[in-house]
Structure formats: structure tokens, C-alpha cells
>>> print(open('my_file_14.cif').read())   # mmCIF, C-alpha atoms
data_protein
loop_
_atom_site.group_PDB
_atom_site.id
_atom_site.type_symbol
_atom_site.label_atom_id
_atom_site.label_comp_id
_atom_site.auth_asym_id
_atom_site.auth_seq_id
_atom_site.Cartn_x
_atom_site.Cartn_y
_atom_site.Cartn_z
ATOM 1 C CA MET C 49 30.951 -40.702 40.589
ATOM 2 C CA LYS C 50 34.348 -39.748 41.966
ATOM 3 C CA SER C 51 35.355 -36.115 42.236
ATOM 4 C CA HIS C 52 38.341 -36.404 39.868
ATOM 5 C CA ARG C 53 36.018 -36.789 36.858
ATOM 6 C CA LEU C 54 34.207 -33.602 37.823
ATOM 7 C CA GLU C 55 37.516 -31.872 38.458
ATOM 8 C CA ALA C 56 38.919 -32.918 35.058
ATOM 9 C CA PHE C 57 35.806 -31.676 33.262
ATOM 10 C CA SER C 58 35.906 -28.346 35.114
ATOM 11 C CA ASP C 59 39.645 -27.975 34.447
ATOM 12 C CA GLY C 60 38.973 -28.434 30.733
ATOM 13 C CA VAL C 61 36.232 -25.805 30.702
ATOM 14 C CA ILE C 62 38.395 -23.255 32.537
ATOM 15 C CA ALA C 63 41.311 -23.935 30.167
ATOM 16 C CA ILE C 64 39.018 -23.299 27.194
ATOM 17 C CA LEU C 65 37.780 -20.042 28.744
ATOM 18 C CA ILE C 66 41.347 -18.780 29.149
ATOM 19 C CA THR C 67 42.099 -19.773 25.552
ATOM 20 C CA ILE C 68 39.016 -17.918 24.288
ATOM 21 C CA MET C 69 40.053 -14.785 26.164
ATOM 22 C CA VAL C 70 43.578 -14.746 24.762
ATOM 23 C CA LEU C 71 42.320 -15.405 21.225
ATOM 24 C CA GLU C 72 40.017 -12.383 21.541
ATOM 25 C CA MET C 73 43.023 -10.085 21.932
ATOM 26 C CA LYS C 74 43.926 -8.607 18.568
ATOM 27 C CA VAL C 75 47.477 -7.816 17.556
ATOM 28 C CA PRO C 76 47.926 -4.042 17.166
ATOM 29 C CA HIS C 77 48.883 -2.528 13.826
ATOM 30 C CA GLY C 78 52.265 -0.889 14.041
ATOM 31 C CA GLU C 79 55.704 -1.788 15.240
ATOM 32 C CA THR C 80 56.264 0.797 17.950
ATOM 33 C CA LEU C 81 55.316 0.629 21.602
ATOM 34 C CA VAL C 82 52.846 3.448 20.947
ATOM 35 C CA ALA C 83 50.791 0.953 18.910
ATOM 36 C CA LEU C 84 50.128 -0.946 22.151
ATOM 37 C CA VAL C 85 48.372 1.992 23.833
ATOM 38 C CA PRO C 86 44.939 1.442 22.195
ATOM 39 C CA VAL C 87 44.907 -2.242 23.235
ATOM 40 C CA LEU C 88 46.025 -1.566 26.815
ATOM 41 C CA PRO C 89 42.445 -1.696 28.255
ATOM 42 C CA VAL C 90 41.873 -5.034 26.511
ATOM 43 C CA PHE C 91 45.122 -6.388 27.926
ATOM 44 C CA LEU C 92 44.415 -5.121 31.456
ATOM 45 C CA SER C 93 40.924 -6.623 31.477
ATOM 46 C CA TYR C 94 42.427 -9.900 30.198
ATOM 47 C CA VAL C 95 44.981 -9.928 33.038
ATOM 48 C CA LEU C 96 42.286 -9.315 35.651
ATOM 49 C CA SER C 97 40.046 -12.049 34.234
ATOM 50 C CA PHE C 98 42.974 -14.468 33.906
ATOM 51 C CA VAL C 99 43.697 -13.929 37.598
ATOM 52 C CA TYR C 100 40.031 -14.496 38.482
ATOM 53 C CA LEU C 101 39.831 -17.718 36.462
ATOM 54 C CA GLY C 102 43.090 -18.853 38.052
ATOM 55 C CA ILE C 103 41.690 -18.183 41.521
ATOM 56 C CA TYR C 104 38.520 -20.129 40.737
ATOM 57 C CA TRP C 105 40.519 -22.992 39.254
ATOM 58 C CA ASN C 106 42.811 -23.185 42.284
ATOM 59 C CA ASN C 107 40.046 -22.969 44.893
ATOM 60 C CA HIS C 108 37.773 -25.336 42.953
ATOM 61 C CA HIS C 109 40.596 -27.890 42.867
ATOM 62 C CA HIS C 110 41.124 -27.630 46.620
ATOM 63 C CA MET C 111 37.410 -27.766 47.363
ATOM 64 C CA LEU C 112 36.916 -30.938 45.323
ATOM 65 C CA GLN C 113 39.744 -32.609 47.259
ATOM 66 C CA THR C 114 37.349 -32.693 50.222
ATOM 67 C CA CYS C 115 34.595 -34.354 48.209
ATOM 68 C CA ALA C 116 34.592 -38.156 48.484
ATOM 69 C CA ARG C 117 31.676 -38.658 46.099
ATOM 70 C CA VAL C 118 29.733 -36.474 43.710
ATOM 71 C CA THR C 119 25.962 -36.277 43.980
ATOM 72 C CA GLY C 120 23.438 -35.002 41.451
ATOM 73 C CA PRO C 121 23.027 -31.646 43.229
ATOM 74 C CA ILE C 122 26.821 -31.209 43.240
ATOM 75 C CA LEU C 123 26.906 -31.827 39.478
ATOM 76 C CA TRP C 124 24.221 -29.203 38.881
ATOM 77 C CA ALA C 125 25.846 -26.712 41.247
ATOM 78 C CA ASN C 126 29.151 -27.211 39.433
ATOM 79 C CA LEU C 127 27.482 -26.631 36.050
ATOM 80 C CA HIS C 128 25.883 -23.501 37.473
ATOM 81 C CA LEU C 129 29.344 -22.227 38.453
ATOM 82 C CA LEU C 130 30.789 -23.104 35.041
ATOM 83 C CA PHE C 131 27.936 -21.244 33.346
ATOM 84 C CA TRP C 132 28.814 -17.991 35.091
ATOM 85 C CA LEU C 133 32.530 -18.527 34.543
ATOM 86 C CA SER C 134 31.833 -19.107 30.835
ATOM 87 C CA LEU C 135 30.480 -15.546 30.603
ATOM 88 C CA ILE C 136 33.762 -14.038 31.816
ATOM 89 C CA PRO C 137 35.353 -13.932 28.314
ATOM 90 C CA PHE C 138 32.330 -12.051 26.930
ATOM 91 C CA ALA C 139 32.217 -9.573 29.828
ATOM 92 C CA THR C 140 35.995 -9.162 29.683
ATOM 93 C CA GLY C 141 35.990 -8.439 25.960
ATOM 94 C CA TRP C 142 33.124 -5.953 26.170
ATOM 95 C CA MET C 143 34.702 -4.116 29.103
ATOM 96 C CA GLY C 144 38.161 -3.970 27.513
ATOM 97 C CA GLU C 145 36.934 -2.901 24.070
ATOM 98 C CA ASN C 146 34.921 -0.070 25.629
ATOM 99 C CA HIS C 147 37.696 1.135 27.944
ATOM 100 C CA PHE C 148 35.951 0.225 31.199
ATOM 101 C CA ALA C 149 32.738 2.129 30.399
ATOM 102 C CA ALA C 150 29.880 2.028 32.927
ATOM 103 C CA ALA C 151 27.576 -0.657 31.500
ATOM 104 C CA PRO C 152 30.356 -3.110 30.529
ATOM 105 C CA ALA C 153 32.060 -2.645 33.923
ATOM 106 C CA ALA C 154 28.736 -3.235 35.699
ATOM 107 C CA LEU C 155 28.055 -6.368 33.632
ATOM 108 C CA TYR C 156 31.546 -7.627 34.447
ATOM 109 C CA GLY C 157 30.753 -7.184 38.137
ATOM 110 C CA ALA C 158 27.389 -8.903 37.756
ATOM 111 C CA VAL C 159 29.095 -11.938 36.204
ATOM 112 C CA LEU C 160 31.655 -11.995 39.027
ATOM 113 C CA LEU C 161 28.885 -11.648 41.609
ATOM 114 C CA MET C 162 26.888 -14.525 40.136
ATOM 115 C CA ALA C 163 30.031 -16.697 39.896
ATOM 116 C CA ALA C 164 30.682 -16.017 43.595
ATOM 117 C CA VAL C 165 27.111 -16.995 44.459
ATOM 118 C CA ALA C 166 27.413 -20.148 42.321
ATOM 119 C CA TYR C 167 30.701 -21.070 44.023
ATOM 120 C CA TRP C 168 29.048 -20.637 47.438
ATOM 121 C CA LEU C 169 26.137 -22.855 46.338
ATOM 122 C CA LEU C 170 28.572 -25.544 45.172
ATOM 123 C CA GLN C 171 30.405 -25.307 48.480
ATOM 124 C CA ARG C 172 27.098 -25.718 50.366
ATOM 125 C CA GLN C 173 26.155 -28.778 48.263
ATOM 126 C CA ILE C 174 29.491 -30.437 49.033
ATOM 127 C CA VAL C 175 29.080 -29.713 52.745
ATOM 128 C CA GLU C 176 25.535 -31.134 52.705
ATOM 129 C CA SER C 177 26.674 -34.290 50.936
ATOM 130 C CA GLN C 178 29.443 -34.870 53.493
ATOM 131 C CA GLY C 179 27.321 -34.363 56.591
ATOM 132 C CA ALA C 180 27.701 -32.318 59.757
ATOM 133 C CA GLU C 181 31.371 -33.213 60.209
ATOM 134 C CA SER C 182 32.299 -32.189 56.683
ATOM 135 C CA ILE C 183 35.995 -31.541 56.060
ATOM 136 C CA LEU C 184 35.037 -28.586 53.899
ATOM 137 C CA GLN C 185 32.828 -27.079 56.610
ATOM 138 C CA ARG C 186 35.634 -27.351 59.139
ATOM 139 C CA ALA C 187 38.054 -25.812 56.660
ATOM 140 C CA VAL C 188 36.041 -22.792 55.560
ATOM 141 C CA GLY C 189 34.457 -22.043 58.929
ATOM 142 C CA GLY C 190 33.033 -18.511 58.877
ATOM 143 C CA ASP C 191 34.486 -17.895 55.391
ATOM 144 C CA TRP C 192 34.984 -14.130 55.673
ATOM 145 C CA LYS C 193 36.362 -13.948 52.126
ATOM 146 C CA GLY C 194 33.302 -15.687 50.740
ATOM 147 C CA ARG C 195 30.986 -13.276 52.577
ATOM 148 C CA LEU C 196 32.929 -10.098 51.813
ATOM 149 C CA SER C 197 33.412 -10.719 48.078
ATOM 150 C CA PRO C 198 29.734 -10.522 46.996
ATOM 151 C CA LEU C 199 29.310 -7.314 48.996
ATOM 152 C CA LEU C 200 32.307 -5.742 47.271
ATOM 153 C CA TYR C 201 31.045 -6.910 43.864
ATOM 154 C CA ALA C 202 27.625 -5.351 44.517
ATOM 155 C CA LEU C 203 29.269 -2.094 45.604
ATOM 156 C CA ALA C 204 31.487 -2.133 42.508
ATOM 157 C CA ILE C 205 28.458 -2.643 40.234
ATOM 158 C CA LEU C 206 26.807 0.435 41.745
ATOM 159 C CA CYS C 207 30.025 2.450 41.528
ATOM 160 C CA ALA C 208 30.479 1.566 37.846
ATOM 161 C CA PHE C 209 27.843 4.112 36.838
ATOM 162 C CA GLN C 210 29.323 7.025 38.763
ATOM 163 C CA TRP C 211 32.937 6.222 39.642
ATOM 164 C CA ARG C 212 34.149 3.586 37.194
ATOM 165 C CA TRP C 213 37.748 3.609 38.438
ATOM 166 C CA LEU C 214 36.561 2.917 41.978
ATOM 167 C CA SER C 215 34.548 0.055 40.533
ATOM 168 C CA MET C 216 37.649 -1.364 38.841
ATOM 169 C CA ALA C 217 39.671 -0.877 42.035
ATOM 170 C CA LEU C 218 37.103 -2.944 43.942
ATOM 171 C CA TYR C 219 37.343 -5.777 41.374
ATOM 172 C CA VAL C 220 41.128 -5.718 41.755
ATOM 173 C CA LEU C 221 40.794 -5.639 45.554
ATOM 174 C CA VAL C 222 38.640 -8.781 45.605
ATOM 175 C CA ALA C 223 41.132 -10.525 43.323
ATOM 176 C CA LEU C 224 43.988 -9.535 45.644
ATOM 177 C CA ILE C 225 42.076 -10.816 48.682
ATOM 178 C CA TRP C 226 41.714 -14.225 47.020
ATOM 179 C CA LEU C 227 45.179 -14.200 45.439
ATOM 180 C CA ILE C 228 46.728 -14.553 48.876
ATOM 181 C CA PRO C 229 46.925 -18.333 49.216
ATOM 182 C CA ASP C 230 44.130 -19.751 51.317
ATOM 183 C CA ARG C 231 45.459 -22.905 52.912
ATOM 184 C CA ARG C 232 42.463 -23.748 55.106
ATOM 185 C CA ILE C 233 41.427 -26.751 53.037
ATOM 186 C CA GLU C 234 45.002 -28.060 52.818
ATOM 187 C CA TYR C 235 45.320 -27.786 56.607
ATOM 188 C CA ALA C 236 42.011 -29.613 57.111
ATOM 189 C CA LEU C 237 43.089 -32.425 54.760
ATOM 190 C CA ASP C 238 46.497 -32.684 56.462
ATOM 191 C CA GLU C 239 44.765 -32.867 59.824
ATOM 192 C CA LEU C 240 42.528 -35.678 58.549
ATOM 193 C CA ASP C 241 45.593 -37.586 57.251
ATOM 194 C CA ASP C 242 47.279 -37.196 60.656
ATOM 195 C CA GLN C 243 44.219 -38.671 62.385
ATOM 196 C CA ARG C 244 44.308 -41.761 60.178
#
>>> encode(input="my_file_14.cif", output="C-alpha cells")
Amino acid sequence: MKSHRLEAFSDGVIAILITIMVLEMKVPHGETLVALVPVLPVFLSYVLSFVYLGIYWNNHHHMLQTCARVTGPILWANLHLLFWLSLIPFATGWMGENHFAAAPAALYGAVLLMAAVAYWLLQRQIVESQGAESILQRAVGGDWKGRLSPLLYALAILCAFQWRWLSMALYVLVALIWLIPDRRIEYALDELDDQR
């Protein structure tokens, strides 16, 4: 199986998740800007989750560019990632509807943490399938972002019960870390093209 089939399937799932999230937002009753105030937490949680899904979509796309063929373990690792991503609309809705309360904010972080672990497992499966000289392995190297993110998620989950705004700030911080374009895979692919 070629990677573009897996990529197309994953793209479709992520597009559906974004659609589900936006459909969950209810139109406020009233015609003034004041009517938007009660739905502001729902909107803010939607924006954060939209950014996260966009980051996963972008990085997933780049990662699959390094994958010449898809193995069974890669398929299962990808489904594992999609499972955790599919819980983002639920966690987003619960957190937004309850104005970033402790348990919903902690669950949101747990979903993000598990998605990060699933992404790492998918990355490892691709590296294993490509061998010791894997393009992906050369590109990600030490992967400080991939190591730091789960630690920040775990800290944010703990903070959610005592300092919920610190918890939310940590979720935003991780998103900002990943929002800065990571061109390592593009550079590795360009380098491979130059060698050919």
C-alpha cells in the first residue's frame, strides 16, 4: 500500500472532526455583541482544538511524505492516532460548555497527551519500516518538541485541578511551540532529492 491512500483517509477523518466541532457550536440568542459572551468559552476551545487538529494534519502530511510503503503496524499506529484525535471534539465541547472547569480541562489534556503518544508511536513505526537510514529518523533527530509536549500535557493535567488557567496556558504554549513551522522533514526530503 502506498502512503497517499493512508494520507487521504487520514485527511478525510481530520476534516470530519473539524466539521463536527464547528457544528457543535450553537448560535447565541440575541442580536447584540453581549449575546456572544456566554458562548465565548465554547469558541475559544474550538479555536484551540482547530489549531491542534491543523498541526496534526500538517505534521502527519509531512511525516507520510517520508514513507515509501505502508506496513500493517503503520496502519494500526495510524488508526490509534486517529482514535485519539476523534475524541478531541468531545473533549473540546465538554471543556467549552463548562467554562474550562477542572475535570473537562484535565480530560482535554489527557486526550492531547494520548494523541501525542500515538503520533510518536506512528513515527517510530515509520522509522522501523524504513530501516536505520530512515529519512524520518534523520529529519526528527532528537525531536525536542516531541519529548517536551507530553511533559507539558502531563503538567497541565495536574494543574487543571488547582490552577485551571495555568493548565489552559500550557495547552496554548504547546500549540504555539508546534505552530512555528517545523521544516526538518522538508529539508531531509530536499536533501534526498539533491543526492539523486
>>> closest_atom_pairs(input="my_file_14.cif", of="region 114-179 of chain C", to="region 202-226 of chain C", cutoff="7 Å", atoms="all atoms listed in the file", output="JSON lines")
{"residue": "C:Ala150", "atom": "CA", "partner": "C:Phe209", "partner_atom": "CA", "distance": 4.9}
{"residue": "C:Ala153", "atom": "CA", "partner": "C:Ala208", "partner_atom": "CA", "distance": 6.0}
{"residue": "C:Ala154", "atom": "CA", "partner": "C:Ile205", "partner_atom": "CA", "distance": 4.6}
{"residue": "C:Gly157", "atom": "CA", "partner": "C:Ile205", "partner_atom": "CA", "distance": 5.5}
{"residue": "C:Ala158", "atom": "CA", "partner": "C:Ile205", "partner_atom": "CA", "distance": 6.8}
>>> resolve_selection(input="my_file_14.cif", expression="the PyMOL selection byres ((chain C and resi 53-58) around 12)", output="MDAnalysis selection string")
chainID C and resid 49:52 59:65 101 104:120 122:131 133:134
>>> resolve_selection(input="my_file_14.cif", expression="the PyMOL selection byres ((chain C and resi 72-84) around 12)", output="list in words")
Leu65, Ile66, Thr67, Ile68, Met69, Val70, Leu71, Val85, Pro86, Val87, Leu88, Pro89, Val90, Phe91, Leu92, Ser93, Tyr94, Val95, Pro137, Phe138, Ala139, Thr140, Gly141, Trp142, Gly144 and Glu145 of chain C
>>> closest_residue(input="my_file_14.cif", among="C:Leu161, C:Leu237, C:Ala166, C:Ala187", to="Leu200 (chain C)", atoms="all atoms listed in the file")
C:Leu161
>>> residues_around(input="my_file_14.cif", residues="Pro198 (chain C)", least_positions_apart="6", cutoff="9 Å", atoms="only C-alpha atoms", output="ChimeraX atom specification")
/C:160-162,164-165
>>> write_last_selection(input="my_file_14.cif", atoms="C-alpha atoms", output="short mmCIF file (atom, residue, chain, number, x, y, z; two decimals), keeping the file's coordinate frame")
data_model
loop_
_atom_site.label_atom_id
_atom_site.label_comp_id
_atom_site.auth_asym_id
_atom_site.auth_seq_id
_atom_site.Cartn_x
_atom_site.Cartn_y
_atom_site.Cartn_z
CA LEU C 160 31.66 -12.00 39.03
CA LEU C 161 28.88 -11.65 41.61
CA MET C 162 26.89 -14.52 40.14
CA ALA C 164 30.68 -16.02 43.60
CA VAL C 165 27.11 -17.00 44.46
#
>>> atom_distance(input="my_file_14.cif", atom1="CA of Leu184 (chain C)", atom2="CA of Tyr100 (chain C)")
21.5 Å
>>> atom_distance(input="my_file_14.cif", atom1="CA of Gly190 (chain C)", atom2="CA of Leu169 (chain C)")
15.0 Å
>>> closest_residue(input="my_file_14.cif", among="C:His147, C:Leu227, C:Pro121, C:Tyr156", to="Val175 (chain C)", atoms="only C-alpha atoms")
C:Pro121
>>> axis_aligned_box(input="my_file_14.cif", around="region 104-111 of chain C", padding_each_side="8 Å", output="lines of an AutoDock Vina configuration file")
center_x = 40.1
center_y = -24.0
center_z = 43.3
size_x = 21.4
size_y = 23.8
size_z = 24.1
